[in-house]
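Q: Dropping the structure in here first, questions after.
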Amino acid sequence: DAGVIQSPRHEVTEMGQEVTLRCKPISGHNSLFWYRQTMMRGLELLIYFNNNVPIDDSGMPEDRFSAKMPNASFSTLKIQPSEPRDSAVYFCASSLVNEQFFGPGTRLTVL
Amino acid sequence: SQQGEEDPQALSIQEGENATMNCSYKTSINNLQWYRQNSGRGLVHLILIRSNEREKHSGRLRVTLDTSKKSSSLLITASRAADTASYFCATPLTGSGNTGKLIFGQGTTLQVKP
């Protein structure tokens, strides 16, 4: 298995632009998580899905952030419009029971 | 509030020495997990200890759990330079509707000097 796949690995954009991050979970996993990691705030859970249904989005910072999971093998996290304070590493993780498997992350820089 | 808190925040040791990291949590749990994060990478699961276990081993890793004190420790024996990483403890969010959500601590940054 290729593990959790995220794209792009790096994204540099200008303030005000739309950013879309993509994630392919491990086949057969039924939960998917989006995290954001910064030096200042550490690892934060943004939103998670179970069986493609959003369960808890209380970590989504504001309405500029949205996430979808149209099917069991794909999820997106969108930021529109992006702001410099959104600069961070965004991780996607998937799980079946207890252990979470993390993707390599997308390093987002908003200028 | 944060469920897991690691201590110390940073640790620097020489290769060959043992490294001990501690984690405290606040509510009852059914398991506790430890993860490692190498610089620039995603977190990797190391070990899971269940609430009815007191100690668990995996290679050079030894994890203990004291549910009465709501604390856990991760011991890495005979450390190597490759063990340099950040280590996080994580506990599941208990209660109805939980579907695998983990609460991560702030992590301990370990540096092993060759």
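Each chain in the structure tokens gets a letter, A, B and so on, in the order shown; residues start at 1 in every chain, and ligands are counted from 1 in the order they appear.
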Which residues of chain A have any atom within 9 Å of an atom in chain B when counting only C-alpha atoms, and what is the closest pair of atoms for each, with the distance in Å to one decimal? Order the rows by chain and rising number and write it as a tab-separated table.

A:
```
residue	atom	partner	partner_atom	distance
A:Ser31	CA	B:Gly100	CA	7.1
A:Phe33	CA	B:Lys101	CA	8.1
A:Arg41	CA	B:Gln106	CA	8.6
A:Gly42	CA	B:Gln106	CA	6.1
A:Leu43	CA	B:Phe104	CA	7.2
A:Glu44	CA	B:Phe104	CA	8.3
A:Leu45	CA	B:Ile103	CA	8.3
A:Tyr48	CA	B:Lys101	CA	7.6
A:Phe49	CA	B:Thr99	CA	8.5
A:Asn50	CA	B:Thr99	CA	6.7
A:Ile55	CA	B:Gly97	CA	8.2
A:Val89	CA	B:Gly40	CA	8.9
A:Phe91	CA	B:Gly42	CA	7.0
A:Cys92	CA	B:Gly42	CA	8.8
A:Ala93	CA	B:Gly42	CA	8.9
A:Ser95	CA	B:Gly100	CA	7.3
A:Leu96	CA	B:Gly100	CA	8.0
A:Val97	CA	B:Gly100	CA	6.7
A:Asn98	CA	B:Gly100	CA	6.1
A:Glu99	CA	B:His45	CA	6.6
A:Gln100	CA	B:His45	CA	7.0
A:Phe101	CA	B:Val44	CA	6.8
A:Phe102	CA	B:Gly42	CA	5.4
A:Gly103	CA	B:Gly42	CA	5.7
A:Pro104	CA	B:Gly42	CA	4.8
A:Gly105	CA	B:Gly42	CA	6.2
```

Q: Quick one: write out the picked residues with N, CA and C atoms as a PDB file, in the first residue's frame?

A:
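Result file is result_16.pdb:
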```pdb
ATOM      1  N   SER A  31     -11.961   6.412   8.548  1.00  0.00           N
ATOM      2  CA  SER A  31     -11.889   7.739   9.140  1.00  0.00           C
ATOM      3  C   SER A  31     -10.763   8.533   8.485  1.00  0.00           C
ATOM      4  N   PHE A  33      -8.744  12.451   8.680  1.00  0.00           N
ATOM      5  CA  PHE A  33      -8.511  13.609   9.536  1.00  0.00           C
ATOM      6  C   PHE A  33      -7.667  14.635   8.788  1.00  0.00           C
ATOM      7  N   ARG A  41       1.386  27.003  17.243  1.00  0.00           N
ATOM      8  CA  ARG A  41       0.165  26.363  17.729  1.00  0.00           C
ATOM      9  C   ARG A  41       0.257  24.840  17.797  1.00  0.00           C
ATOM     10  N   GLY A  42       1.356  24.296  17.307  1.00  0.00           N
ATOM     11  CA  GLY A  42       1.494  22.848  17.341  1.00  0.00           C
ATOM     12  C   GLY A  42       0.581  22.180  16.333  1.00  0.00           C
ATOM     13  N   LEU A  43       0.162  20.964  16.655  1.00  0.00           N
ATOM     14  CA  LEU A  43      -0.683  20.167  15.769  1.00  0.00           C
ATOM     15  C   LEU A  43      -2.148  20.384  16.143  1.00  0.00           C
ATOM     16  N   GLU A  44      -2.923  20.866  15.204  1.00  0.00           N
ATOM     17  CA  GLU A  44      -4.339  21.147  15.458  1.00  0.00           C
ATOM     18  C   GLU A  44      -5.208  20.300  14.539  1.00  0.00           C
ATOM     19  N   LEU A  45      -6.229  19.686  15.093  1.00  0.00           N
ATOM     20  CA  LEU A  45      -7.198  18.957  14.285  1.00  0.00           C
ATOM     21  C   LEU A  45      -8.190  19.951  13.704  1.00  0.00           C
ATOM     22  N   TYR A  48     -12.682  16.070  10.932  1.00  0.00           N
ATOM     23  CA  TYR A  48     -12.523  14.678  10.581  1.00  0.00           C
ATOM     24  C   TYR A  48     -13.833  14.074  10.081  1.00  0.00           C
ATOM     25  N   PHE A  49     -13.661  13.065   9.236  1.00  0.00           N
ATOM     26  CA  PHE A  49     -14.777  12.381   8.593  1.00  0.00           C
ATOM     27  C   PHE A  49     -14.794  10.922   9.044  1.00  0.00           C
ATOM     28  N   ASN A  50     -15.978  10.383   9.125  1.00  0.00           N
ATOM     29  CA  ASN A  50     -16.139   8.947   9.322  1.00  0.00           C
ATOM     30  C   ASN A  50     -17.110   8.443   8.276  1.00  0.00           C
ATOM     31  N   ILE A  55     -17.744  14.623  10.886  1.00  0.00           N
ATOM     32  CA  ILE A  55     -18.202  14.354  12.245  1.00  0.00           C
ATOM     33  C   ILE A  55     -17.970  15.564  13.154  1.00  0.00           C
ATOM     34  N   VAL A  89       1.997  23.617   7.752  1.00  0.00           N
ATOM     35  CA  VAL A  89       2.009  22.306   7.120  1.00  0.00           C
ATOM     36  C   VAL A  89       0.670  21.644   7.430  1.00  0.00           C
ATOM     37  N   PHE A  91      -1.590  18.294   7.307  1.00  0.00           N
ATOM     38  CA  PHE A  91      -1.499  16.848   7.229  1.00  0.00           C
ATOM     39  C   PHE A  91      -2.884  16.234   7.090  1.00  0.00           C
ATOM     40  N   CYS A  92      -2.920  15.179   6.327  1.00  0.00           N
ATOM     41  CA  CYS A  92      -4.087  14.324   6.253  1.00  0.00           C
ATOM     42  C   CYS A  92      -3.695  12.999   6.893  1.00  0.00           C
ATOM     43  N   ALA A  93      -4.614  12.394   7.621  1.00  0.00           N
ATOM     44  CA  ALA A  93      -4.364  11.096   8.232  1.00  0.00           C
ATOM     45  C   ALA A  93      -5.610  10.240   8.064  1.00  0.00           C
ATOM     46  N   SER A  95      -7.500   6.330   9.363  1.00  0.00           N
ATOM     47  CA  SER A  95      -7.431   5.240  10.336  1.00  0.00           C
ATOM     48  C   SER A  95      -8.601   4.289  10.136  1.00  0.00           C
ATOM     49  N   LEU A  96      -8.420   3.101  10.704  1.00  0.00           N
ATOM     50  CA  LEU A  96      -9.489   2.111  10.684  1.00  0.00           C
ATOM     51  C   LEU A  96      -9.996   1.841  12.103  1.00  0.00           C
ATOM     52  N   VAL A  97      -9.059   1.655  13.036  1.00  0.00           N
ATOM     53  CA  VAL A  97      -9.460   1.366  14.410  1.00  0.00           C
ATOM     54  C   VAL A  97      -8.855   2.396  15.357  1.00  0.00           C
ATOM     55  N   ASN A  98      -7.593   2.231  15.710  1.00  0.00           N
ATOM     56  CA  ASN A  98      -6.962   3.132  16.672  1.00  0.00           C
ATOM     57  C   ASN A  98      -5.850   3.972  16.057  1.00  0.00           C
ATOM     58  N   GLU A  99      -4.927   3.273  15.398  1.00  0.00           N
ATOM     59  CA  GLU A  99      -3.733   3.945  14.888  1.00  0.00           C
ATOM     60  C   GLU A  99      -4.069   4.839  13.705  1.00  0.00           C
ATOM     61  N   GLN A 100      -3.502   6.053  13.724  1.00  0.00           N
ATOM     62  CA  GLN A 100      -3.675   6.951  12.584  1.00  0.00           C
ATOM     63  C   GLN A 100      -2.424   6.910  11.720  1.00  0.00           C
ATOM     64  N   PHE A 101      -2.632   6.913  10.422  1.00  0.00           N
ATOM     65  CA  PHE A 101      -1.541   6.913   9.457  1.00  0.00           C
ATOM     66  C   PHE A 101      -1.522   8.284   8.775  1.00  0.00           C
ATOM     67  N   PHE A 102      -0.402   8.953   8.894  1.00  0.00           N
ATOM     68  CA  PHE A 102      -0.289  10.314   8.378  1.00  0.00           C
ATOM     69  C   PHE A 102       0.332  10.331   6.991  1.00  0.00           C
ATOM     70  N   GLY A 103      -0.126  11.281   6.195  1.00  0.00           N
ATOM     71  CA  GLY A 103       0.516  11.550   4.930  1.00  0.00           C
ATOM     72  C   GLY A 103       1.747  12.410   5.137  1.00  0.00           C
ATOM     73  N   PRO A 104       2.459  12.713   4.059  1.00  0.00           N
ATOM     74  CA  PRO A 104       3.703  13.492   4.171  1.00  0.00           C
ATOM     75  C   PRO A 104       3.476  14.975   4.409  1.00  0.00           C
ATOM     76  N   GLY A 105       2.242  15.423   4.228  1.00  0.00           N
ATOM     77  CA  GLY A 105       1.943  16.828   4.478  1.00  0.00           C
ATOM     78  C   GLY A 105       2.068  17.702   3.238  1.00  0.00           C
TER      79      GLY A 105
END
```

Q: According to DSSP computed on the backbone, where in chain B is there strand (DSSP E)? Give the residues as a VMD selection string.

A: chain B and resid 5 to 7 10 to 14 19 to 24 31 to 37 43 to 50 55 to 58 61 to 66 71 to 76 85 to 92 102 to 104 108 to 113

Q: Could you dump the residues just selected with C-alpha atoms as a PDB file, in the first residue's frame?

A:
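Result file selection07.pdb:
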```pdb
ATOM      1  CA  GLU B   5       0.941  17.212  27.829  1.00  0.00           C
ATOM      2  CA  GLU B   6       4.504  16.027  27.304  1.00  0.00           C
ATOM      3  CA  ASP B   7       7.437  16.692  29.530  1.00  0.00           C
ATOM      4  CA  ALA B  10      13.062  19.408  24.712  1.00  0.00           C
ATOM      5  CA  LEU B  11      15.696  16.821  25.536  1.00  0.00           C
ATOM      6  CA  SER B  12      19.293  16.549  24.352  1.00  0.00           C
ATOM      7  CA  ILE B  13      21.379  13.452  25.043  1.00  0.00           C
ATOM      8  CA  GLN B  14      24.431  11.619  23.761  1.00  0.00           C
ATOM      9  CA  ALA B  19      15.808   9.012  26.798  1.00  0.00           C
ATOM     10  CA  THR B  20      12.671   9.286  28.889  1.00  0.00           C
ATOM     11  CA  MET B  21       9.647  11.355  27.954  1.00  0.00           C
ATOM     12  CA  ASN B  22       6.520  11.769  30.018  1.00  0.00           C
ATOM     13  CA  CYS B  23       2.919  12.446  29.134  1.00  0.00           C
ATOM     14  CA  SER B  24       0.030  13.461  31.360  1.00  0.00           C
ATOM     15  CA  ASN B  31      -5.702   3.548  25.271  1.00  0.00           C
ATOM     16  CA  LEU B  32      -2.732   5.873  24.854  1.00  0.00           C
ATOM     17  CA  GLN B  33      -0.548   6.088  21.783  1.00  0.00           C
ATOM     18  CA  TRP B  34       2.929   7.426  21.067  1.00  0.00           C
ATOM     19  CA  TYR B  35       3.950   8.882  17.725  1.00  0.00           C
ATOM     20  CA  ARG B  36       7.261  10.073  16.289  1.00  0.00           C
ATOM     21  CA  GLN B  37       7.731  12.908  13.820  1.00  0.00           C
ATOM     22  CA  LEU B  43       3.726  11.507  12.301  1.00  0.00           C
ATOM     23  CA  VAL B  44       4.414   7.795  12.562  1.00  0.00           C
ATOM     24  CA  HIS B  45       2.695   5.540  15.068  1.00  0.00           C
ATOM     25  CA  LEU B  46       5.124   3.871  17.478  1.00  0.00           C
ATOM     26  CA  ILE B  47       3.149   1.992  20.069  1.00  0.00           C
ATOM     27  CA  LEU B  48      -0.280   1.723  21.686  1.00  0.00           C
ATOM     28  CA  ILE B  49      -0.860   0.779  25.306  1.00  0.00           C
ATOM     29  CA  ARG B  50      -4.326  -0.104  26.540  1.00  0.00           C
ATOM     30  CA  GLU B  55       3.925  -1.713  30.509  1.00  0.00           C
ATOM     31  CA  LYS B  56       4.619  -2.531  26.907  1.00  0.00           C
ATOM     32  CA  HIS B  57       7.806  -3.099  24.928  1.00  0.00           C
ATOM     33  CA  SER B  58       8.657  -2.756  21.267  1.00  0.00           C
ATOM     34  CA  LEU B  61      10.948   1.319  23.225  1.00  0.00           C
ATOM     35  CA  ARG B  62       9.344   0.810  26.599  1.00  0.00           C
ATOM     36  CA  VAL B  63       6.051   2.468  27.465  1.00  0.00           C
ATOM     37  CA  THR B  64       4.446   2.564  30.872  1.00  0.00           C
ATOM     38  CA  LEU B  65       0.963   3.675  31.820  1.00  0.00           C
ATOM     39  CA  ASP B  66      -0.272   4.692  35.248  1.00  0.00           C
ATOM     40  CA  SER B  71       0.421   9.573  33.100  1.00  0.00           C
ATOM     41  CA  SER B  72       2.561   7.619  30.680  1.00  0.00           C
ATOM     42  CA  SER B  73       6.250   7.478  29.911  1.00  0.00           C
ATOM     43  CA  LEU B  74       8.195   6.537  26.810  1.00  0.00           C
ATOM     44  CA  LEU B  75      11.705   5.211  27.305  1.00  0.00           C
ATOM     45  CA  ILE B  76      14.084   4.849  24.383  1.00  0.00           C
ATOM     46  CA  ALA B  85      12.730  13.565  16.285  1.00  0.00           C
ATOM     47  CA  SER B  86       9.686  14.947  18.062  1.00  0.00           C
ATOM     48  CA  TYR B  87       7.615  12.502  20.099  1.00  0.00           C
ATOM     49  CA  PHE B  88       3.911  12.949  20.784  1.00  0.00           C
ATOM     50  CA  CYS B  89       1.492  11.158  23.024  1.00  0.00           C
ATOM     51  CA  ALA B  90      -2.122  10.929  21.921  1.00  0.00           C
ATOM     52  CA  THR B  91      -5.313   9.811  23.585  1.00  0.00           C
ATOM     53  CA  PRO B  92      -8.676   9.027  22.025  1.00  0.00           C
ATOM     54  CA  LEU B 102      -7.092  11.626  18.901  1.00  0.00           C
ATOM     55  CA  ILE B 103      -5.978  14.462  21.126  1.00  0.00           C
ATOM     56  CA  PHE B 104      -2.253  15.083  20.661  1.00  0.00           C
ATOM     57  CA  THR B 108       8.935  16.442  23.179  1.00  0.00           C
ATOM     58  CA  THR B 109      11.774  17.318  20.846  1.00  0.00           C
ATOM     59  CA  LEU B 110      14.597  14.832  21.267  1.00  0.00           C
ATOM     60  CA  GLN B 111      18.088  15.474  19.979  1.00  0.00           C
ATOM     61  CA  VAL B 112      20.578  12.615  20.069  1.00  0.00           C
ATOM     62  CA  LYS B 113      24.124  13.778  19.524  1.00  0.00           C
TER      63      LYS B 113
END
```

Q: Need the shell around stretch 9-26 of chain A: protein/DNA/RNA residues with any atom at most 9 Å away, counting only C-alpha atoms. Skip same-chain ones fewer than 4 positions apart. Format as a PyMOL selection string?

A: chain A and resi 1-5+30-32+72-84+89-95+101-111
